[in-house]
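Novice: One structure is given below, represented as structure tokens, and several questions about it will come after.
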Amino acid sequence: MKTYQVILNGRQYAMLEKMLCSERASHLARNQSINGYDLFSDMMDDICAPVTDGWSTFEIILQESDEQLDLLRFMTNVVYPEDCDYFVRQIGSDFQCEKDFAFQISLKF
């Protein structure tokens, strides 16, 4: 399994920490690697939560979730450099992640 090394600034790191489930957020805090499928699944779930909860639509979250979508694109670009919108296009459809990889994420001071 390939492990990608990523350095995030404080804002990106805090946003990602909030997007992850508690188990993966604790891996992030302990500087442990995180399975890529799980990471992107958590990010997509968080972005789509307003739709899942019934108070928004996919069209609205694609227009109003700029920072989250930018982080999703940034992380996607590490794995799919030819297509940073790979996961953004999946919003509103079934989540698919075909590669087997992990992330080692560091905070840039």
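Ligands are numbered from 1 in the order shown, residues from 1 within each chain, and chains are lettered A, B, ... in the order they appear in the structure tokens.
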Give me the residues within 6 Å of A:Ala102 as a PDB file with C-alpha atoms, in the first residue's frame, counting only C-alpha atoms and dropping any in the same chain fewer than 6 places off.
Specialist:
ATOM      1  CA  THR A   3       1.494   6.051   1.752  1.00  0.00           C
ATOM      2  CA  ILE A  34      -4.977   6.996   7.836  1.00  0.00           C
ATOM      3  CA  ASN A  35      -6.433   4.666   5.219  1.00  0.00           C
ATOM      4  CA  GLY A  36      -7.216   6.706   2.107  1.00  0.00           C
TER       5      GLY A  36
END
Novice: Mind checking DSSP for chain A and telling me the alpha helix (DSSP H) residues as a count of residues only?
Specialist: 56
Novice: From the options A:Gln68, A:Ser33, A:Asn9, A:Ser26, which residue's atoms come nearest to A:Gln104, counting only C-alpha atoms?
Specialist: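 When distances to A:Gln104 are compared using only C-alpha atoms, the smallest one comes from A:Ser33.
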Novice: Let me make sure I understand: among A:Leu62, A:Leu69, A:Leu28, A:Met44, which one has the smallest atom-to-atom distance to A:Cys84 if we use only C-alpha atoms?
Specialist: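 Nearest candidate to A:Cys84 out of A:Leu62, A:Leu69, A:Leu28, A:Met44: A:Leu69.
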Novice: Set the distance at 8 Å and use only C-alpha atoms: which residues neighbour A:Leu107 once local chain neighbours fewer than 5 positions away are removed? I'd like the list as a list in words.
Specialist: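 Once the adjacent positions are removed, what remains is Ile7, Leu8, Asn9, Gly10 and Tyr13 of chain A.
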Novice: Any chance you could export the current selection's C-alpha atoms as a PDB file, in the first residue's frame?
Specialist:
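File written: out-v7.pdb
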ATOM      1  CA  ILE A   7       1.623  18.779   4.959  1.00  0.00           C
ATOM      2  CA  LEU A   8      -1.386  20.936   5.842  1.00  0.00           C
ATOM      3  CA  ASN A   9      -1.479  24.448   7.229  1.00  0.00           C
ATOM      4  CA  GLY A  10      -3.273  25.041  10.516  1.00  0.00           C
ATOM      5  CA  TYR A  13      -5.557  20.621   9.471  1.00  0.00           C
TER       6      TYR A  13
END
Novice: Rank A:Cys48, A:Ala14, A:Leu39, A:Met1 by their smallest atom-to-atom distance to A:Ser93, using only C-alpha atoms, and report the top residue only.
Specialist: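 Closest residue, counting only C-alpha atoms: A:Cys48.
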Novice: What is the distance, in Å and to one decimal place, between atom CA of A:Gln90 and atom CA of A:Gly54?
Specialist: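 Separation between atom CA of A:Gln90 and atom CA of A:Gly54: 18.7 Å.
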Novice: Find the residue from A:Asn77, A:Ser22, A:Gln12, A:Gln63 that sits nearest to A:Asp42; use only C-alpha atoms when measuring.
Specialist: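 Looking at the shortest contact to A:Asp42, the residue is A:Ser22.
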Novice: Considering only C-alpha atoms, can you say which of A:Leu16, A:Cys21, A:Val6, A:Met43 comes closest to A:Phe95?
Specialist: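 Using only C-alpha atoms, A:Phe95 sits closest to A:Met43.
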Novice: Taking only C-alpha atoms into account, name the residue in A:Asp100, A:Ser56, A:Val78, A:Asp85 that is nearest to A:Tyr4.
Specialist: A:Val78
Novice: Out of stretch 1-108 of chain A, which residues get strand (DSSP E or B) from DSSP, as a ChimeraX atom specification?
Specialist: /A:2-8,34-35,101-107
